[in-house]
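Below: start_0.pdb (PDB, C-alpha atoms)
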ATOM      1  CA  MET L   1    -186.750-144.845 190.230  1.00  0.00           C
ATOM      2  CA  ARG L   2    -185.248-142.756 187.427  1.00  0.00           C
ATOM      3  CA  ILE L   3    -187.318-140.369 185.318  1.00  0.00           C
ATOM      4  CA  PHE L   4    -186.473-139.958 181.647  1.00  0.00           C
ATOM      5  CA  TRP L   5    -187.562-136.840 179.762  1.00  0.00           C
ATOM      6  CA  ALA L   6    -188.660-137.531 176.205  1.00  0.00           C
ATOM      7  CA  ASP L   7    -190.275-135.901 173.199  1.00  0.00           C
ATOM      8  CA  LEU L   8    -191.561-138.460 170.699  1.00  0.00           C
ATOM      9  CA  HIS L   9    -193.567-135.990 168.634  1.00  0.00           C
ATOM     10  CA  ASN L  10    -191.808-132.927 167.284  1.00  0.00           C
ATOM     11  CA  HIS L  11    -191.881-130.967 164.013  1.00  0.00           C
ATOM     12  CA  ASN L  12    -189.704-128.495 162.101  1.00  0.00           C
ATOM     13  CA  ASP L  13    -189.148-127.224 158.549  1.00  0.00           C
ATOM     14  CA  VAL L  14    -188.477-130.730 157.195  1.00  0.00           C
ATOM     15  CA  GLY L  15    -192.246-130.659 156.798  1.00  0.00           C
ATOM     16  CA  TYR L  16    -194.485-127.713 157.445  1.00  0.00           C
ATOM     17  CA  GLY L  17    -193.156-126.772 160.863  1.00  0.00           C
ATOM     18  CA  LYS L  18    -190.684-124.075 161.873  1.00  0.00           C
ATOM     19  CA  GLY L  19    -186.964-124.224 162.622  1.00  0.00           C
ATOM     20  CA  SER L  20    -184.250-126.460 161.252  1.00  0.00           C
ATOM     21  CA  LEU L  21    -183.517-130.112 161.944  1.00  0.00           C
ATOM     22  CA  GLU L  22    -180.211-129.047 163.479  1.00  0.00           C
ATOM     23  CA  ARG L  23    -181.926-126.593 165.836  1.00  0.00           C
ATOM     24  CA  SER L  24    -184.444-129.252 166.871  1.00  0.00           C
ATOM     25  CA  TYR L  25    -181.638-131.593 167.908  1.00  0.00           C
ATOM     26  CA  ALA L  26    -179.698-128.830 169.646  1.00  0.00           C
ATOM     27  CA  LEU L  27    -182.719-127.974 171.796  1.00  0.00           C
ATOM     28  CA  ALA L  28    -183.531-131.618 172.479  1.00  0.00           C
ATOM     29  CA  GLU L  29    -179.973-132.489 173.507  1.00  0.00           C
ATOM     30  CA  ASN L  30    -180.002-129.650 176.043  1.00  0.00           C
ATOM     31  CA  THR L  31    -183.190-130.764 177.804  1.00  0.00           C
ATOM     32  CA  LEU L  32    -184.149-134.374 177.017  1.00  0.00           C
ATOM     33  CA  ASP L  33    -182.989-137.936 177.478  1.00  0.00           C
ATOM     34  CA  VAL L  34    -184.965-139.376 174.557  1.00  0.00           C
ATOM     35  CA  TYR L  35    -185.956-137.690 171.297  1.00  0.00           C
ATOM     36  CA  ALA L  36    -187.695-138.497 168.036  1.00  0.00           C
ATOM     37  CA  PHE L  37    -188.143-135.872 165.362  1.00  0.00           C
ATOM     38  CA  THR L  38    -191.417-136.764 163.628  1.00  0.00           C
ATOM     39  CA  PRO L  39    -192.144-134.984 160.363  1.00  0.00           C
ATOM     40  CA  HIS L  40    -195.652-135.226 158.980  1.00  0.00           C
ATOM     41  CA  GLY L  41    -195.080-138.102 156.555  1.00  0.00           C
ATOM     42  CA  PHE L  42    -198.333-138.779 154.755  1.00  0.00           C
ATOM     43  CA  TRP L  43    -202.113-138.356 154.736  1.00  0.00           C
ATOM     44  CA  PRO L  44    -203.839-140.872 152.452  1.00  0.00           C
ATOM     45  CA  ASP L  45    -207.334-139.493 152.953  1.00  0.00           C
ATOM     46  CA  PRO L  46    -207.307-135.707 153.408  1.00  0.00           C
ATOM     47  CA  PRO L  47    -210.739-134.082 153.554  1.00  0.00           C
ATOM     48  CA  GLU L  48    -212.177-133.427 150.124  1.00  0.00           C
ATOM     49  CA  SER L  49    -213.904-130.282 151.362  1.00  0.00           C
ATOM     50  CA  ASP L  50    -210.679-128.242 151.321  1.00  0.00           C
ATOM     51  CA  ALA L  51    -208.658-128.899 148.156  1.00  0.00           C
ATOM     52  CA  ARG L  52    -206.226-126.065 148.896  1.00  0.00           C
ATOM     53  CA  MET L  53    -205.325-127.501 152.293  1.00  0.00           C
ATOM     54  CA  ALA L  54    -204.963-131.004 150.839  1.00  0.00           C
ATOM     55  CA  THR L  55    -202.662-129.744 148.070  1.00  0.00           C
ATOM     56  CA  TYR L  56    -200.521-127.869 150.590  1.00  0.00           C
ATOM     57  CA  HIS L  57    -200.105-130.979 152.730  1.00  0.00           C
ATOM     58  CA  LEU L  58    -199.367-133.253 149.775  1.00  0.00           C
ATOM     59  CA  GLU L  59    -196.610-130.879 148.604  1.00  0.00           C
ATOM     60  CA  GLN L  60    -195.062-130.964 152.075  1.00  0.00           C
ATOM     61  CA  PHE L  61    -195.252-134.765 152.184  1.00  0.00           C
ATOM     62  CA  ASP L  62    -193.205-134.867 148.976  1.00  0.00           C
ATOM     63  CA  ARG L  63    -190.606-132.668 150.683  1.00  0.00           C
ATOM     64  CA  VAL L  64    -190.536-134.986 153.723  1.00  0.00           C
ATOM     65  CA  ARG L  65    -190.175-138.036 151.448  1.00  0.00           C
ATOM     66  CA  ARG L  66    -187.136-136.451 149.770  1.00  0.00           C
ATOM     67  CA  LEU L  67    -185.558-135.416 153.088  1.00  0.00           C
ATOM     68  CA  PHE L  68    -186.363-138.509 155.150  1.00  0.00           C
ATOM     69  CA  PRO L  69    -182.917-140.090 154.645  1.00  0.00           C
ATOM     70  CA  ARG L  70    -181.526-136.949 156.296  1.00  0.00           C
ATOM     71  CA  VAL L  71    -183.960-137.435 159.202  1.00  0.00           C
ATOM     72  CA  VAL L  72    -182.665-140.990 159.750  1.00  0.00           C
ATOM     73  CA  GLU L  73    -179.072-139.806 159.412  1.00  0.00           C
ATOM     74  CA  ALA L  74    -179.609-137.072 162.027  1.00  0.00           C
ATOM     75  CA  ALA L  75    -181.166-139.523 164.493  1.00  0.00           C
ATOM     76  CA  ASN L  76    -178.135-141.788 164.146  1.00  0.00           C
ATOM     77  CA  ALA L  77    -175.605-138.943 164.321  1.00  0.00           C
ATOM     78  CA  HIS L  78    -177.073-137.602 167.582  1.00  0.00           C
ATOM     79  CA  TYR L  79    -177.501-140.934 169.369  1.00  0.00           C
ATOM     80  CA  ARG L  80    -175.390-141.085 172.532  1.00  0.00           C
ATOM     81  CA  PRO L  81    -175.801-144.449 174.310  1.00  0.00           C
ATOM     82  CA  GLY L  82    -176.724-143.932 177.939  1.00  0.00           C
ATOM     83  CA  ARG L  83    -177.008-140.142 177.501  1.00  0.00           C
ATOM     84  CA  PHE L  84    -179.277-139.205 174.596  1.00  0.00           C
ATOM     85  CA  VAL L  85    -181.420-141.827 172.894  1.00  0.00           C
ATOM     86  CA  THR L  86    -182.762-140.892 169.465  1.00  0.00           C
ATOM     87  CA  PHE L  87    -185.214-142.553 167.121  1.00  0.00           C
ATOM     88  CA  ALA L  88    -186.056-142.068 163.472  1.00  0.00           C
ATOM     89  CA  ALA L  89    -189.795-141.488 163.233  1.00  0.00           C
ATOM     90  CA  TYR L  90    -192.611-139.827 161.324  1.00  0.00           C
ATOM     91  CA  GLU L  91    -196.302-139.049 161.727  1.00  0.00           C
ATOM     92  CA  TRP L  92    -198.942-140.658 159.498  1.00  0.00           C
ATOM     93  CA  HIS L  93    -202.287-138.827 159.331  1.00  0.00           C
ATOM     94  CA  SER L  94    -205.621-140.385 158.555  1.00  0.00           C
ATOM     95  CA  THR L  95    -209.045-138.821 158.598  1.00  0.00           C
ATOM     96  CA  THR L  96    -210.561-142.314 158.773  1.00  0.00           C
ATOM     97  CA  TRP L  97    -208.248-144.327 161.064  1.00  0.00           C
ATOM     98  CA  GLY L  98    -206.604-141.644 163.173  1.00  0.00           C
ATOM     99  CA  ASP L  99    -203.030-140.411 163.322  1.00  0.00           C
ATOM    100  CA  TYR L 100    -200.037-142.528 164.330  1.00  0.00           C
ATOM    101  CA  VAL L 101    -196.371-141.912 164.996  1.00  0.00           C
ATOM    102  CA  ALA L 102    -194.163-144.619 163.456  1.00  0.00           C
ATOM    103  CA  LEU L 103    -191.095-145.026 165.667  1.00  0.00           C
ATOM    104  CA  PHE L 104    -188.146-147.125 164.472  1.00  0.00           C
ATOM    105  CA  PRO L 105    -185.761-149.039 166.721  1.00  0.00           C
ATOM    106  CA  GLY L 106    -182.124-149.163 165.792  1.00  0.00           C
ATOM    107  CA  ALA L 107    -180.359-147.266 163.043  1.00  0.00           C
ATOM    108  CA  GLU L 108    -182.837-147.809 160.208  1.00  0.00           C
ATOM    109  CA  GLY L 109    -186.023-146.020 159.253  1.00  0.00           C
ATOM    110  CA  GLU L 110    -188.121-145.763 156.140  1.00  0.00           C
ATOM    111  CA  LEU L 111    -191.005-143.503 155.233  1.00  0.00           C
ATOM    112  CA  CYS L 112    -194.034-145.548 154.194  1.00  0.00           C
ATOM    113  CA  GLN L 113    -196.776-143.613 152.459  1.00  0.00           C
ATOM    114  CA  ALA L 114    -199.387-146.233 153.371  1.00  0.00           C
ATOM    115  CA  ARG L 115    -202.764-145.821 151.692  1.00  0.00           C
ATOM    116  CA  ASP L 116    -204.625-147.295 154.687  1.00  0.00           C
ATOM    117  CA  LEU L 117    -204.067-148.480 158.241  1.00  0.00           C
ATOM    118  CA  GLY L 118    -203.741-152.131 157.221  1.00  0.00           C
ATOM    119  CA  GLU L 119    -200.843-151.273 154.927  1.00  0.00           C
ATOM    120  CA  LEU L 120    -199.220-149.175 157.672  1.00  0.00           C
ATOM    121  CA  LYS L 121    -199.530-152.049 160.158  1.00  0.00           C
ATOM    122  CA  ARG L 122    -197.991-154.552 157.708  1.00  0.00           C
ATOM    123  CA  PHE L 123    -195.122-152.148 157.092  1.00  0.00           C
ATOM    124  CA  ALA L 124    -194.578-151.576 160.844  1.00  0.00           C
ATOM    125  CA  ARG L 125    -194.486-155.315 161.544  1.00  0.00           C
ATOM    126  CA  ALA L 126    -191.948-155.916 158.760  1.00  0.00           C
ATOM    127  CA  ALA L 127    -189.796-152.964 159.888  1.00  0.00           C
ATOM    128  CA  GLY L 128    -190.053-153.727 163.612  1.00  0.00           C
ATOM    129  CA  ALA L 129    -191.521-150.246 164.143  1.00  0.00           C
ATOM    130  CA  LEU L 130    -193.857-149.119 166.894  1.00  0.00           C
ATOM    131  CA  LEU L 131    -197.114-147.371 165.987  1.00  0.00           C
ATOM    132  CA  ILE L 132    -198.057-144.885 168.679  1.00  0.00           C
ATOM    133  CA  PRO L 133    -201.589-143.442 168.453  1.00  0.00           C
ATOM    134  CA  HIS L 134    -201.716-139.667 168.209  1.00  0.00           C
ATOM    135  CA  HIS L 135    -204.664-137.260 168.590  1.00  0.00           C
ATOM    136  CA  VAL L 136    -206.580-139.811 170.638  1.00  0.00           C
ATOM    137  CA  GLY L 137    -208.936-137.065 171.811  1.00  0.00           C
ATOM    138  CA  TYR L 138    -210.056-136.103 168.299  1.00  0.00           C
ATOM    139  CA  ARG L 139    -213.425-137.441 167.220  1.00  0.00           C
ATOM    140  CA  GLU L 140    -213.576-140.525 165.055  1.00  0.00           C
ATOM    141  CA  GLY L 141    -213.900-139.602 161.393  1.00  0.00           C
ATOM    142  CA  TRP L 142    -211.743-136.524 161.838  1.00  0.00           C
ATOM    143  CA  ARG L 143    -208.303-137.968 162.618  1.00  0.00           C
ATOM    144  CA  GLY L 144    -209.538-139.466 165.899  1.00  0.00           C
ATOM    145  CA  LEU L 145    -208.299-142.936 166.744  1.00  0.00           C
ATOM    146  CA  ARG L 146    -210.520-145.878 165.839  1.00  0.00           C
ATOM    147  CA  TRP L 147    -209.914-147.823 169.035  1.00  0.00           C
ATOM    148  CA  GLU L 148    -211.138-151.123 167.588  1.00  0.00           C
ATOM    149  CA  GLU L 149    -208.299-150.929 165.011  1.00  0.00           C
ATOM    150  CA  LEU L 150    -205.575-150.504 167.670  1.00  0.00           C
ATOM    151  CA  ASP L 151    -203.021-153.328 167.666  1.00  0.00           C
ATOM    152  CA  PRO L 152    -201.275-153.418 171.079  1.00  0.00           C
ATOM    153  CA  ALA L 153    -198.517-155.621 169.619  1.00  0.00           C
ATOM    154  CA  LEU L 154    -197.435-152.674 167.476  1.00  0.00           C
TER     155      LEU L 154
END
Encoded form using structure tokens:
Amino acid sequence: MRIFWADLHNHNDVGYGKGSLERSYALAENTLDVYAFTPHGFWPDPPESDARMATYHLEQFDRVRRLFPRVVEAANAHYRPGRFVTFAAYEWHSTTWGDYVALFPGAEGELCQARDLGELKRFARAAGALLIPHHVGYREGWRGLRWEELDPAL
């Protein structure tokens, strides 16, 4: 049996995290076998109770949208078959449906600012992307996964 070390959920300053995309890959290449940088890509239903927080996030999502081609390019540039497997990816938030990481196979990736989970699922099917649930321990209605909406095929 061979163990592979992976990080499929990582952030940096391409969104509202810290550190550069280049630094993220440098650290990952030194310690991991598999890596996906996952900027926070969109949140269609931020809580209305905190307009300042929602505005901050929406501004960062615009930044991620502009920089996402660079994210895909970096994943492809760092891919080393048999040594370091990279994926283009992003995180999609939802207060209602829960958060998901969209993980793309191959050399392509596209940021979809889906307005609901149904739209995200249709996009993932068409793109051949995986949707990995995130924050499964959060309560439903506050970014916790709605288990009945989970599609194991994705």
- All residues 6 Å or closer to L:Thr86, all atoms listed in the file, same chain fewer than 5 positions away omitted, as a PyMOL selection string: chain L and resi 34-36+75+79
- Query: Closest to L:Glu140 among L:Trp97, L:Phe84, L:Pro39, L:Gly128, using all atoms listed in the file?
  - Reply: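 Ranking L:Trp97, L:Phe84, L:Pro39, L:Gly128 by distance to L:Glu140, first place goes to L:Trp97.
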- Output of the PyMOL selection byres ((chain L and resi 104) around 8), listed as a PyMOL selection string: chain L and resi 87-89+102-103+105-109+127-130
- Message: Once the PyMOL selection byres ((chain L and resi 7) around 12) is applied to the coordinates I shared, what remains selected? I want it as number ranges by chain.
- Response: L: 4-6, 8-11, 24-25, 27-29, 31-38, 84-87, 89, 101, 103
- Task: Take the point (-209.7, -144.7, 166.7) in the file's coordinates, draw a sphere of radius 9 Å around it, and report as a list in words every protein, DNA or RNA residue with an atom inside or on it, counting only C-alpha atoms.
- Result: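 Applying the cut-off with only C-alpha atoms, one gets Thr96, Trp97, Gly98, Asp99, Pro133, Val136, Tyr138, Arg139, Glu140, Gly141, Arg143, Gly144, Leu145, Arg146, Trp147, Glu148, Glu149 and Leu150 of chain L.
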- Could you state the separation of atom CA of L:Ala126 and atom CA of L:Pro44 in Å, given to one decimal place?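 Answer for the atom CA of L:Ala126 to atom CA of L:Pro44 separation: 20.2 Å.
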- Would you mind reading off the distance between atom CA of L:Tyr16 and atom CA of L:Asp50, one decimal, in Å?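 Those two atoms sit 17.3 Å apart.
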Contact table stretch 88-129 of chain L vs stretch 56-69 of chain L, cut-off 9 Å, shortest pair per residue, only C-alpha atoms, as CSV:
residue,atom,partner,partner_atom,distance
L:Tyr90,CA,L:Phe68,CA,8.9
L:Gly109,CA,L:Pro69,CA,8.1
L:Glu110,CA,L:Phe68,CA,7.5
L:Leu111,CA,L:Arg65,CA,6.7
L:Cys112,CA,L:Arg65,CA,8.9
L:Gln113,CA,L:Arg65,CA,8.7
- Message: List the spatial neighbours of L:Asp151 as a list of chain:residue names - criterion: any atom at most 10 Å away, all atoms listed in the file, same-chain residues fewer than 4 positions off excluded.
- Response: L:Lys121, L:Leu131, L:Ile132, L:Trp147
Take the residues from that selection and write them out as an mmCIF file, in the coordinates of the input, keeping C-alpha atoms.
data_model
loop_
_atom_site.group_PDB
_atom_site.id
_atom_site.type_symbol
_atom_site.label_atom_id
_atom_site.label_comp_id
_atom_site.auth_asym_id
_atom_site.auth_seq_id
_atom_site.Cartn_x
_atom_site.Cartn_y
_atom_site.Cartn_z
ATOM 1 C CA LYS L 121 -199.530 -152.049 160.158
ATOM 2 C CA LEU L 131 -197.114 -147.371 165.987
ATOM 3 C CA ILE L 132 -198.057 -144.885 168.679
ATOM 4 C CA TRP L 147 -209.914 -147.823 169.035
#
- Task: One decimal, Å: what's the distance from atom CA of L:Gly15 over to atom CA of L:His135, could you say?
- Result: 18.4 Å
Please, can stretch 38-50 of chain L be completed to N, CA and C atoms and returned as a short mmCIF file (atom, residue, chain, number, x, y, z; two decimals), keeping the file's coordinate frame?
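And here is the file that came out, selection.cif:
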data_model
loop_
_atom_site.label_atom_id
_atom_site.label_comp_id
_atom_site.auth_asym_id
_atom_site.auth_seq_id
_atom_site.Cartn_x
_atom_site.Cartn_y
_atom_site.Cartn_z
N THR L 38 -190.35 -136.06 164.34
CA THR L 38 -191.42 -136.76 163.63
C THR L 38 -192.07 -135.87 162.57
N PRO L 39 -191.49 -135.80 161.39
CA PRO L 39 -192.14 -134.98 160.36
C PRO L 39 -193.49 -135.59 159.97
N HIS L 40 -194.37 -134.74 159.50
CA HIS L 40 -195.65 -135.23 158.98
C HIS L 40 -195.36 -135.96 157.68
N GLY L 41 -195.52 -137.29 157.68
CA GLY L 41 -195.08 -138.10 156.56
C GLY L 41 -196.08 -138.36 155.46
N PHE L 42 -197.36 -138.48 155.81
CA PHE L 42 -198.33 -138.78 154.76
C PHE L 42 -199.74 -138.67 155.31
N TRP L 43 -200.70 -138.44 154.40
CA TRP L 43 -202.11 -138.36 154.74
C TRP L 43 -202.87 -138.94 153.55
N PRO L 44 -203.23 -140.23 153.61
CA PRO L 44 -203.84 -140.87 152.45
C PRO L 44 -205.25 -140.41 152.16
N ASP L 45 -205.92 -139.84 153.14
CA ASP L 45 -207.33 -139.49 152.95
C ASP L 45 -207.66 -138.10 153.49
N PRO L 46 -207.00 -137.06 152.93
CA PRO L 46 -207.31 -135.71 153.41
C PRO L 46 -208.75 -135.36 153.07
N PRO L 47 -209.34 -134.44 153.81
CA PRO L 47 -210.74 -134.08 153.55
C PRO L 47 -210.92 -133.47 152.16
N GLU L 48 -211.92 -133.93 151.47
CA GLU L 48 -212.18 -133.43 150.12
C GLU L 48 -212.78 -132.03 150.13
N SER L 49 -213.24 -131.58 151.27
CA SER L 49 -213.90 -130.28 151.36
C SER L 49 -212.95 -129.09 151.25
N ASP L 50 -211.64 -129.34 151.37
CA ASP L 50 -210.68 -128.24 151.32
C ASP L 50 -209.50 -128.64 150.43
#
